[in-house]
Every structure is written in C-alpha cells, then in structure tokens.
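Report on the structure given below.
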Amino acid sequence: DAVRKEQLTTKPGSKLRKTTIGWKMLVKWKDGTQEWVDLRILKEHAPVLVADYAKAFDLVDEPAFAWWVPYTLRKRDVIVSMVNARVKKKTHKYGVEVPRNLKEAMELDRKNGNRMWRDAYEKEMRNVSVAFRILKRGQKAPVGYTRSSGHLIFDVKMDFTRKARWVKDGHRTPDPETSNYAGVVSRESIRIALTYAALH
C-alpha cells in the first residue's frame with residue numbers, strides 16, 4: 001500500500017503528499033528481539049534516528065520520507081550548531097594552556113620541560129585506583145557486569161597547581177532497570193511517624 005515516488009505528480013506547484021502508509025521498519029530491541037513497527041510510530045518517537053537511517057540508505061526521495069526528513073535533519077543541525085556556539089572552548093586558564101586529553105598533557109610537559117601534568121594524572125589514578133579491582137590477564141569479568149568508560153578532565157587551580165580528574169562517561173552507560181534513587185526523609189517526618197505508630 002506504500003506510495004512510491006513514481007506515482008507522484010511532477011507538475012509545477014504540486015505539494016508533497018504527507019503519508020507514511022505502507023512503511024514498516026524492522027526494529028531490534030535491547031533484549032535482542034525484533035519487531036516490525038509502523039513508520040508512523042517510529043517517526044513520532046525517534047525522528048532524528050529514523051531520518052539518519054533514511055539518509056544513510058537513500059530513502060529520502062521516497063514519499064514517506066521526503067516530506068519530513070530534510071526538515072528534521074536541518075532542525076537537528078541548527079540545534080547542534082547553536083549548542084556548540086554556546087559552549088566556550090577554553091584552551092587557557094590563568095595564562096596556562098590546558099590540555100583536552102592525556103596525549104595533549106604529555107605533549108605540553110615535553111614542550112615545557114617538566115612533568116606537572118603527568119604528576120597530576122598519576123596522582124588522580126592513584127586516588128581512584130582504590131575503587132577498581134584489576135583483573136589478571138585471561139581472567140573473566142564477573143557475571144552481570146556492565147561495561148562503562150571514562151575520560152580525563154584537566155584544570156589549573158588558583159595556585160597554578162595542575163589538576164586531573166577521571167570522570168565516568170555516564171552518557172554511554174545504559175539506564176538502570178531498577179531505581180537507584182536514595183530518598184531523604186526529614187527528622188520531623190520520622191518523629192510524626194513514630195508518634196503515630198505509638199498511638200496505634
């Protein structure tokens with residue numbers, strides 16, 4: 001039932017037909033199962049992802065994609081460029097060049113003839129090492145483990161001391177399936193609850 005581009009009129013002034021009828025996409029879910037889902041539903045829930053897929057597989061000219069994919073991709077690019085424009089790309093602090101990664105830090109130490117960034121990096125690695133258990137070569141990871149990554153952030157303190165921080169890449173880690181929220185109860189709420197329990 002899908003409308004093909006060969007069926008559309010090429011008359012001047014004709015408008016694109018806004019339809020997704022007849023199009024389904026095979027979706028692979030996180031649990032490994034696969035399901036055919038209507039394009040209408042996918043377009044509403046993941047427009048940018050579907051638009052990127054359509055562009056990668058040359059589907060943009062098809063009537064089901066032509067009327068919305070170019071607009072979606074343009075809007076995505078505009079938003080990304082606006083965000084990038086707001087992000088201040090800082091390369092120096094207090095007159096000291098700040099590296100963006102470990103390779104740049106080692107290169108700056110070599111150029112400056114010192115090991116200030118290396119010392120900051122090694123200090124941070126010593127501090128965070130207590131949170132890790134290093135497996136021996138060939139040893140398998142525990143059952144149920146989740147792979148995650150991290151990166152280094154470098155900074156200069158007010159006394160010109162070099163600082164390194166290892167931070168976790170939270171955006172690459174899957175969302176937890178169970179709640180990890182630690183609620184906080186006020187002292188007054190506990191007092192009221194205990195009083196109510198004692199009276200009943």
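Identifiers for the structure tokens are assigned positionally: chains receive A, B, ... in sequence, residues are indexed from 1 per chain, and ligands are indexed from 1 in the order shown.
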Residues of stretch 34-107 of chain A classed as strand (DSSP E) by DSSP on the backbone are to be reported as a PyMOL selection string.
chain A and resi 34-38+92-93+96-97
Mind dumping the selected residues with all heavy atoms as a compact mmCIF listing (two decimals), in the first residue's frame?
# COMPACT_ATOMS: atom_id res chain seq x y z
N GLN A 34 13.19 -8.82 17.78
CA GLN A 34 12.98 -7.97 16.62
C GLN A 34 11.49 -7.84 16.35
O GLN A 34 10.72 -8.76 16.62
CB GLN A 34 13.69 -8.54 15.39
CG GLN A 34 15.21 -8.56 15.51
CD GLN A 34 15.88 -9.09 14.27
OE1 GLN A 34 15.25 -9.70 13.42
NE2 GLN A 34 17.18 -8.85 14.16
N GLU A 35 11.10 -6.69 15.81
CA GLU A 35 9.68 -6.43 15.56
C GLU A 35 9.53 -5.42 14.43
O GLU A 35 10.28 -4.45 14.35
CB GLU A 35 9.03 -5.89 16.85
CG GLU A 35 7.55 -5.59 16.72
CD GLU A 35 6.99 -4.98 17.99
OE1 GLU A 35 7.77 -4.73 18.94
OE2 GLU A 35 5.76 -4.74 18.04
N TRP A 36 8.55 -5.65 13.56
CA TRP A 36 8.24 -4.69 12.51
C TRP A 36 7.31 -3.63 13.10
O TRP A 36 6.25 -3.95 13.64
CB TRP A 36 7.55 -5.39 11.33
CG TRP A 36 8.49 -6.23 10.52
CD1 TRP A 36 8.69 -7.57 10.63
CD2 TRP A 36 9.35 -5.77 9.48
NE1 TRP A 36 9.65 -7.99 9.74
CE2 TRP A 36 10.08 -6.90 9.01
CE3 TRP A 36 9.61 -4.53 8.91
CZ2 TRP A 36 11.01 -6.81 8.00
CZ3 TRP A 36 10.54 -4.44 7.89
CH2 TRP A 36 11.22 -5.57 7.43
N VAL A 37 7.73 -2.37 12.99
CA VAL A 37 6.98 -1.25 13.58
C VAL A 37 6.62 -0.26 12.48
O VAL A 37 7.44 0.03 11.60
CB VAL A 37 7.81 -0.55 14.68
CG1 VAL A 37 7.00 0.58 15.31
CG2 VAL A 37 8.24 -1.55 15.74
N ASP A 38 5.40 0.25 12.53
CA ASP A 38 4.95 1.24 11.54
C ASP A 38 5.85 2.46 11.57
O ASP A 38 6.23 2.96 12.65
CB ASP A 38 3.52 1.67 11.83
CG ASP A 38 2.51 0.58 11.50
OD1 ASP A 38 2.85 -0.31 10.69
OD2 ASP A 38 1.38 0.62 12.04
N HIS A 92 43.04 28.02 27.65
CA HIS A 92 43.98 28.53 28.64
C HIS A 92 43.23 28.95 29.91
O HIS A 92 42.07 29.36 29.84
CB HIS A 92 44.75 29.74 28.11
CG HIS A 92 45.73 29.39 27.03
ND1 HIS A 92 45.33 29.05 25.75
CD2 HIS A 92 47.09 29.33 27.05
CE1 HIS A 92 46.40 28.80 25.03
NE2 HIS A 92 47.47 28.95 25.78
N LYS A 93 43.91 28.84 31.03
CA LYS A 93 43.37 29.30 32.30
C LYS A 93 44.50 29.88 33.12
O LYS A 93 45.54 29.23 33.30
CB LYS A 93 42.69 28.15 33.05
CG LYS A 93 41.96 28.60 34.31
CD LYS A 93 41.19 27.44 34.92
CE LYS A 93 40.44 27.91 36.17
NZ LYS A 93 39.67 26.80 36.78
N VAL A 96 47.82 29.61 31.56
CA VAL A 96 48.41 28.28 31.40
C VAL A 96 47.56 27.49 30.41
O VAL A 96 46.34 27.44 30.53
CB VAL A 96 48.48 27.52 32.74
CG1 VAL A 96 49.03 26.11 32.54
CG2 VAL A 96 49.31 28.29 33.74
N GLU A 97 48.21 26.89 29.42
CA GLU A 97 47.48 26.09 28.44
C GLU A 97 46.96 24.81 29.09
O GLU A 97 47.69 24.10 29.77
CB GLU A 97 48.38 25.74 27.26
CG GLU A 97 47.65 25.06 26.11
CD GLU A 97 48.51 24.87 24.88
OE1 GLU A 97 49.68 25.32 24.90
OE2 GLU A 97 48.01 24.26 23.91
Would you please give, as number ranges by chain, all residues of stretch 38-186 of chain A that DSSP assigns to helix (DSSP H, G or I) based on the backbone?
A: 39-45, 47-56, 63-66, 69-86, 102-112, 116-131, 170-172
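Separating atom CA of A:Thr146 from atom CA of A:Lys168 is a distance of 12.9 Å.
If only C-alpha atoms are the atoms counted, then among A:Glu62, A:Asp159, A:Glu124, A:Asp109 the closest residue to A:Trp23 is A:Glu62.
Closest approach to A:His151 among A:Trp166, A:Trp29, A:Trp67, A:Tyr121 is made by A:Trp166 (distances from only C-alpha atoms).
Minimum distance to A:Ala120 across A:Val98, A:Ile153, A:Ala85, A:Ala164 (counting only C-alpha atoms) occurs at A:Ala164.
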Test item: residues at most 7 Å from stretch 48-58 of chain A, only C-alpha atoms, excluding those fewer than 2 positions along its chain, as a compact mmCIF listing (two decimals) with N, CA and C atoms, in the first residue's frame:
# COMPACT_ATOMS: atom_id res chain seq x y z
N LYS A 43 8.49 7.51 13.54
CA LYS A 43 8.72 8.92 13.20
C LYS A 43 8.39 9.84 14.38
N ALA A 46 11.20 8.62 17.48
CA ALA A 46 12.65 8.76 17.24
C ALA A 46 12.89 9.38 15.86
N VAL A 60 15.44 9.07 1.24
CA VAL A 60 14.92 10.43 1.42
C VAL A 60 13.97 10.82 0.30
N VAL A 69 11.87 14.29 6.40
CA VAL A 69 13.27 14.01 6.73
C VAL A 69 14.19 15.22 6.52
N THR A 72 13.67 17.66 9.38
CA THR A 72 14.16 17.13 10.65
C THR A 72 15.67 17.23 10.74
N LEU A 73 16.37 16.88 9.67
CA LEU A 73 17.83 16.94 9.69
C LEU A 73 18.33 18.37 9.76
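Between A:Asn101 and the candidates A:Ala141, A:Lys123, A:Gly150, A:Val130, the tightest atom-to-atom separation, counting only C-alpha atoms, involves A:Gly150.
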Interatomic distance (Å, one decimal) between atom CA of A:Trp117 and atom CA of A:Met158:
15.4 Å
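Atom pair atom CA of A:Ser81 / atom CA of A:Pro99 has a distance of 23.5 Å (rounded to one decimal).
Of the listed residues (A:Pro47, A:Arg162, A:Tyr71, A:Met125), A:Arg162 comes nearest to A:Leu108; the distances count only C-alpha atoms.
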